[in-house]
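S.K.: Sharing a structure here in structure tokens format.
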Amino acid sequence: MKYNEIYHFSHPQHKLRFEYSEFPFKCDGCKEVGIGSRYKCTTCDYDLHMHCAIPSASITHPFYKKCSFQFLSRPPGSVPRYCNACEKDITGFLYHCNSCGFDLHPCCAKLPMVLDDGEVKLYLYRKVSASCHRCGRKGRSWSYRSTCKKYNLHVACVKEMLVDSWHEIYFGRANNNNTYNNSSNNCRKLENRIPSLKGTLQTHHRKSKGKVQKCCEMAGLALQFIISAVLGDPTTLIAGVVGSLMSK
């Protein structure tokens with residue numbers, strides 16, 4: 001359910017208004033990166049993912065059939081917590097199973113089990129036996145896998161790719177005189193720095209050039225869907241930003 005304006009317990013000073021952003025933002029709820037749909041207080045520059053702004057009080061998950069996850073505004077206890085989906089630290093909003101001790105970022109908890117646009121179909125797995133096309137390792141975190149089972153990508157790797165790319169844009173060059181104050185220039189730079197798997201795939205696939213190219217094209221389409229889902233907006237491909245993913 002979506003509302004144009006909401007009140008939220010984490011920001012009682014002002015209403016939060018629904019908007020769509022093609023620029024990355026840091027969610028002030030879960031502290032993770034986001035893009036696309038969000039709730040924002042323009043007065044305070046306060047942002048929330050959709051899943052953080054309108055959470056469920058409790059959820060279940062097909063990967064943890066015996067668990068009941070409760071929404072919490074902060075990690076329980078004094079011991080550092082990590083997300084069982086992406087294995088990244090949890091420092092803000094989360095879903096926590098008190099019985100088993102499992103934790104999930106809100107966006108990870110709501111990752112679609114299947115991403116399907118009619119041509120490319122990807123399935124979410126808790127574990128896969130094949131190696132990830134990004135890091136080359138097995139296990140580690142949840143993965144999206146293609147129907148043919150030849151393409152795998154860790155949820156954790158997608159997050160790392162996004163953070164590395166966007167950190168360079170918005171922070172790594174902060175001391176450079178050529179700062180990105182123009183919004184259209186920002187968007188163009190972001191487009192060019194969306195993570196690409198082309199080089200990684202060519203390393204993993206010692207096949208004919210045609211087969212490598214076909215696999216890369218498949219990876220490009222798949223990564224668009226996974227990026228959108230990981231960032232909390234699986235209903236859109238962030239067309240203007242992710243569209244040129246594999247064009248270079």
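Going through the structure tokens in order, the chains are called A, B, and so on, while each chain numbers its residues from 1 and the ligands are numbered from 1 in the order shown.
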Dump as a tab-separated table the rows for residues of range 60-130 of chain A within 12 Å of range 22-40 of chain A: closest atom pair and distance in Å with one decimal, only C-alpha atoms counted, ordered by chain and rising residue number.
M.R.:
residue	atom	partner	partner_atom	distance
A:Phe71	CA	A:Cys30	CA	11.2
A:Leu72	CA	A:Cys30	CA	10.1
A:Ser73	CA	A:Gly29	CA	7.5
A:Arg74	CA	A:Cys30	CA	8.6
A:Pro75	CA	A:Cys30	CA	10.2
A:Cys83	CA	A:Cys30	CA	11.2
A:Cys86	CA	A:Glu32	CA	11.6
A:Lys88	CA	A:Glu32	CA	9.7
A:Asp89	CA	A:Glu32	CA	9.7
A:Ile90	CA	A:Cys30	CA	7.4
A:Thr91	CA	A:Lys31	CA	6.6
A:Gly92	CA	A:Cys30	CA	4.2
A:Phe93	CA	A:Cys30	CA	4.3
A:Leu94	CA	A:Cys30	CA	6.8
A:Tyr95	CA	A:Cys30	CA	10.3
A:Leu104	CA	A:Cys30	CA	10.2
A:His105	CA	A:Cys30	CA	6.8
A:Pro106	CA	A:Cys30	CA	7.3
A:Cys107	CA	A:Cys30	CA	8.8
A:Cys108	CA	A:Glu32	CA	10.5
A:Ala109	CA	A:Cys30	CA	12.0
S.K.: In Å, how far is it from CA of Gly77 in chain A to CA of Asp103 in chain A?
M.R.: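 Computing it gives 12.5 Å between the two atoms.
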S.K.: Using only C-alpha atoms, which residues of range 32-121 of chain A come within 9 Å of range 134-145 of chain A, and what is the closest atom pair for each, with the distance in Å to one decimal? Give it as a Markdown table, sorted by chain and residue number.
M.R.:
| residue | atom | partner | partner_atom | distance |
| --- | --- | --- | --- | --- |
| A:Asn84 | CA | A:Ser141 | CA | 7.2 |
| A:Ala85 | CA | A:Trp142 | CA | 5.3 |
| A:Cys86 | CA | A:Ser141 | CA | 5.2 |
| A:Glu87 | CA | A:Ser141 | CA | 6.3 |
| A:Met113 | CA | A:Tyr144 | CA | 8.7 |
| A:Val114 | CA | A:Tyr144 | CA | 8.6 |
| A:Leu115 | CA | A:Tyr144 | CA | 8.8 |
| A:Lys121 | CA | A:Arg145 | CA | 8.5 |
S.K.: How about saving the chosen residues, N, CA and C atoms kept, as a PDB file, in the first residue's frame?
M.R.:
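File result03.pdb, as written:
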ATOM      1  N   ASN A  84      21.329 -11.904   7.548  1.00  0.00           N
ATOM      2  CA  ASN A  84      21.521 -13.271   7.075  1.00  0.00           C
ATOM      3  C   ASN A  84      21.305 -13.415   5.574  1.00  0.00           C
ATOM      4  N   ALA A  85      20.790 -12.378   4.936  1.00  0.00           N
ATOM      5  CA  ALA A  85      20.613 -12.421   3.486  1.00  0.00           C
ATOM      6  C   ALA A  85      21.852 -11.941   2.751  1.00  0.00           C
ATOM      7  N   CYS A  86      22.364 -10.784   3.137  1.00  0.00           N
ATOM      8  CA  CYS A  86      23.500 -10.183   2.420  1.00  0.00           C
ATOM      9  C   CYS A  86      24.789 -10.201   3.223  1.00  0.00           C
ATOM     10  N   GLU A  87      24.714 -10.582   4.487  1.00  0.00           N
ATOM     11  CA  GLU A  87      25.865 -10.674   5.391  1.00  0.00           C
ATOM     12  C   GLU A  87      26.518  -9.327   5.666  1.00  0.00           C
ATOM     13  N   MET A 113      11.029 -13.509  -4.582  1.00  0.00           N
ATOM     14  CA  MET A 113      11.551 -14.852  -4.799  1.00  0.00           C
ATOM     15  C   MET A 113      11.804 -15.103  -6.281  1.00  0.00           C
ATOM     16  N   VAL A 114      11.065 -14.404  -7.138  1.00  0.00           N
ATOM     17  CA  VAL A 114      11.245 -14.531  -8.582  1.00  0.00           C
ATOM     18  C   VAL A 114      11.211 -13.143  -9.204  1.00  0.00           C
ATOM     19  N   LEU A 115      12.177 -12.858 -10.058  1.00  0.00           N
ATOM     20  CA  LEU A 115      12.183 -11.625 -10.843  1.00  0.00           C
ATOM     21  C   LEU A 115      11.942 -12.026 -12.293  1.00  0.00           C
ATOM     22  N   LYS A 121      14.145 -14.534 -16.361  1.00  0.00           N
ATOM     23  CA  LYS A 121      13.570 -14.968 -15.092  1.00  0.00           C
ATOM     24  C   LYS A 121      14.698 -15.377 -14.155  1.00  0.00           C
TER      25      LYS A 121
END
S.K.: Could you write out, as a list in words, all the residues of range 24-62 of chain A that DSSP marks as strand (DSSP E or B)?
M.R.: Pro24, Phe25, Lys26, Val33, Gly34, Ile35, Gly36, Ser37, Arg38, Tyr39, Lys40, Cys41, Tyr46, Asp47, Leu48, His49, Ser58, Ile59, Thr60 and His61 of chain A
S.K.: Would you list the contacts of Lys66 in chain A as JSON, numbers by chain, taking every protein, DNA or RNA residue within 9 Å and counting only C-alpha atoms, but skipping same-chain residues closer than 5 positions in sequence?
M.R.: {"A": [60, 61, 100]}
S.K.: For the selection just defined, write its residues with C-alpha atoms to a file, as a PDB file, in the first residue's frame.
M.R.:
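Result file is again_21.pdb:
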ATOM      1  CA  THR A  60       7.623 -14.923   7.803  1.00  0.00           C
ATOM      2  CA  HIS A  61      10.070 -15.998   5.121  1.00  0.00           C
ATOM      3  CA  CYS A 100      16.547 -18.242  16.204  1.00  0.00           C
TER       4      CYS A 100
END
S.K.: One decimal, in Å: what's the spacing between CA of His154 in chain A and CA of Pro62 in chain A?
M.R.: 18.0 Å
S.K.: Would you please work out which residue, of A:Lys65, A:Arg17, A:Lys149, A:His11, is nearest to Tyr123 in chain A when using only C-alpha atoms?
M.R.: A:Lys149
S.K.: Which residue, A:Asp47, A:Asn98, A:Glu5, A:Lys159, has the smallest gap to Pro76 in chain A when you use only C-alpha atoms?
M.R.: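 The answer is A:Asn98, which sits nearest to Pro76 in chain A.
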S.K.: Rank A:Met50, A:Ile6, A:Ala130, A:Val79 by their smallest atom-to-atom distance to Tyr20 in chain A, using only C-alpha atoms, and report the top residue only.
M.R.: A:Met50
S.K.: Write out as number ranges by chain the residues lying within 12 Å of Ser99 in chain A, counting only C-alpha atoms and excluding same-chain residues fewer than 4 positions away.
M.R.: A: 64, 66-70, 103
S.K.: Only all heavy atoms, please: the residues just picked out, written as a PDB file, in the first residue's frame.
M.R.:
ATOM      1  N   TYR A  64      13.144 -19.453   6.047  1.00  0.00           N
ATOM      2  CA  TYR A  64      13.199 -19.728   7.490  1.00  0.00           C
ATOM      3  C   TYR A  64      11.774 -20.042   7.960  1.00  0.00           C
ATOM      4  O   TYR A  64      11.123 -19.227   8.609  1.00  0.00           O
ATOM      5  CB  TYR A  64      13.762 -18.532   8.248  1.00  0.00           C
ATOM      6  CG  TYR A  64      15.107 -18.053   7.737  1.00  0.00           C
ATOM      7  CD1 TYR A  64      15.192 -16.967   6.869  1.00  0.00           C
ATOM      8  CD2 TYR A  64      16.279 -18.698   8.102  1.00  0.00           C
ATOM      9  CE1 TYR A  64      16.413 -16.529   6.391  1.00  0.00           C
ATOM     10  CE2 TYR A  64      17.511 -18.267   7.623  1.00  0.00           C
ATOM     11  CZ  TYR A  64      17.572 -17.183   6.773  1.00  0.00           C
ATOM     12  OH  TYR A  64      18.783 -16.754   6.296  1.00  0.00           O
ATOM     13  N   LYS A  66      10.475 -21.854  10.193  1.00  0.00           N
ATOM     14  CA  LYS A  66      10.163 -21.954  11.617  1.00  0.00           C
ATOM     15  C   LYS A  66      10.281 -20.611  12.336  1.00  0.00           C
ATOM     16  O   LYS A  66      10.055 -20.524  13.542  1.00  0.00           O
ATOM     17  CB  LYS A  66      11.084 -22.973  12.287  1.00  0.00           C
ATOM     18  CG  LYS A  66      10.908 -24.395  11.775  1.00  0.00           C
ATOM     19  CD  LYS A  66      11.825 -25.360  12.508  1.00  0.00           C
ATOM     20  CE  LYS A  66      11.636 -26.781  12.014  1.00  0.00           C
ATOM     21  NZ  LYS A  66      12.518 -27.746  12.723  1.00  0.00           N
ATOM     22  N   CYS A  67      10.642 -19.576  11.603  1.00  0.00           N
ATOM     23  CA  CYS A  67      10.904 -18.269  12.216  1.00  0.00           C
ATOM     24  C   CYS A  67       9.724 -17.308  12.057  1.00  0.00           C
ATOM     25  O   CYS A  67       8.995 -17.359  11.069  1.00  0.00           O
ATOM     26  CB  CYS A  67      12.141 -17.629  11.595  1.00  0.00           C
ATOM     27  SG  CYS A  67      13.679 -18.502  11.928  1.00  0.00           S
ATOM     28  N   SER A  68       9.604 -16.429  13.029  1.00  0.00           N
ATOM     29  CA  SER A  68       8.695 -15.292  12.945  1.00  0.00           C
ATOM     30  C   SER A  68       9.530 -14.046  13.187  1.00  0.00           C
ATOM     31  O   SER A  68      10.112 -13.875  14.257  1.00  0.00           O
ATOM     32  CB  SER A  68       7.591 -15.401  13.996  1.00  0.00           C
ATOM     33  OG  SER A  68       6.753 -14.255  13.964  1.00  0.00           O
ATOM     34  N   PHE A  69       9.637 -13.195  12.170  1.00  0.00           N
ATOM     35  CA  PHE A  69      10.477 -12.004  12.247  1.00  0.00           C
ATOM     36  C   PHE A  69       9.648 -10.802  12.687  1.00  0.00           C
ATOM     37  O   PHE A  69       8.594 -10.520  12.114  1.00  0.00           O
ATOM     38  CB  PHE A  69      11.115 -11.709  10.890  1.00  0.00           C
ATOM     39  CG  PHE A  69      12.154 -12.716  10.470  1.00  0.00           C
ATOM     40  CD1 PHE A  69      11.790 -13.852   9.749  1.00  0.00           C
ATOM     41  CD2 PHE A  69      13.490 -12.529  10.782  1.00  0.00           C
ATOM     42  CE1 PHE A  69      12.738 -14.780   9.356  1.00  0.00           C
ATOM     43  CE2 PHE A  69      14.448 -13.446  10.391  1.00  0.00           C
ATOM     44  CZ  PHE A  69      14.075 -14.579   9.675  1.00  0.00           C
ATOM     45  N   GLN A  70      10.139 -10.094  13.687  1.00  0.00           N
ATOM     46  CA  GLN A  70       9.479  -8.886  14.191  1.00  0.00           C
ATOM     47  C   GLN A  70      10.251  -7.655  13.716  1.00  0.00           C
ATOM     48  O   GLN A  70      11.484  -7.651  13.704  1.00  0.00           O
ATOM     49  CB  GLN A  70       9.420  -8.897  15.721  1.00  0.00           C
ATOM     50  CG  GLN A  70       8.848 -10.167  16.315  1.00  0.00           C
ATOM     51  CD  GLN A  70       7.429 -10.436  15.873  1.00  0.00           C
ATOM     52  OE1 GLN A  70       6.589  -9.527  15.892  1.00  0.00           O
ATOM     53  NE2 GLN A  70       7.135 -11.674  15.482  1.00  0.00           N
ATOM     54  N   ASP A 103      18.540 -12.240  11.509  1.00  0.00           N
ATOM     55  CA  ASP A 103      18.239 -10.834  11.232  1.00  0.00           C
ATOM     56  C   ASP A 103      18.215 -10.591   9.731  1.00  0.00           C
ATOM     57  O   ASP A 103      19.007 -11.179   8.984  1.00  0.00           O
ATOM     58  CB  ASP A 103      19.286  -9.922  11.867  1.00  0.00           C
ATOM     59  CG  ASP A 103      19.360 -10.077  13.369  1.00  0.00           C
ATOM     60  OD1 ASP A 103      18.389  -9.719  14.047  1.00  0.00           O
ATOM     61  OD2 ASP A 103      20.402 -10.556  13.860  1.00  0.00           O
TER      62      ASP A 103
END
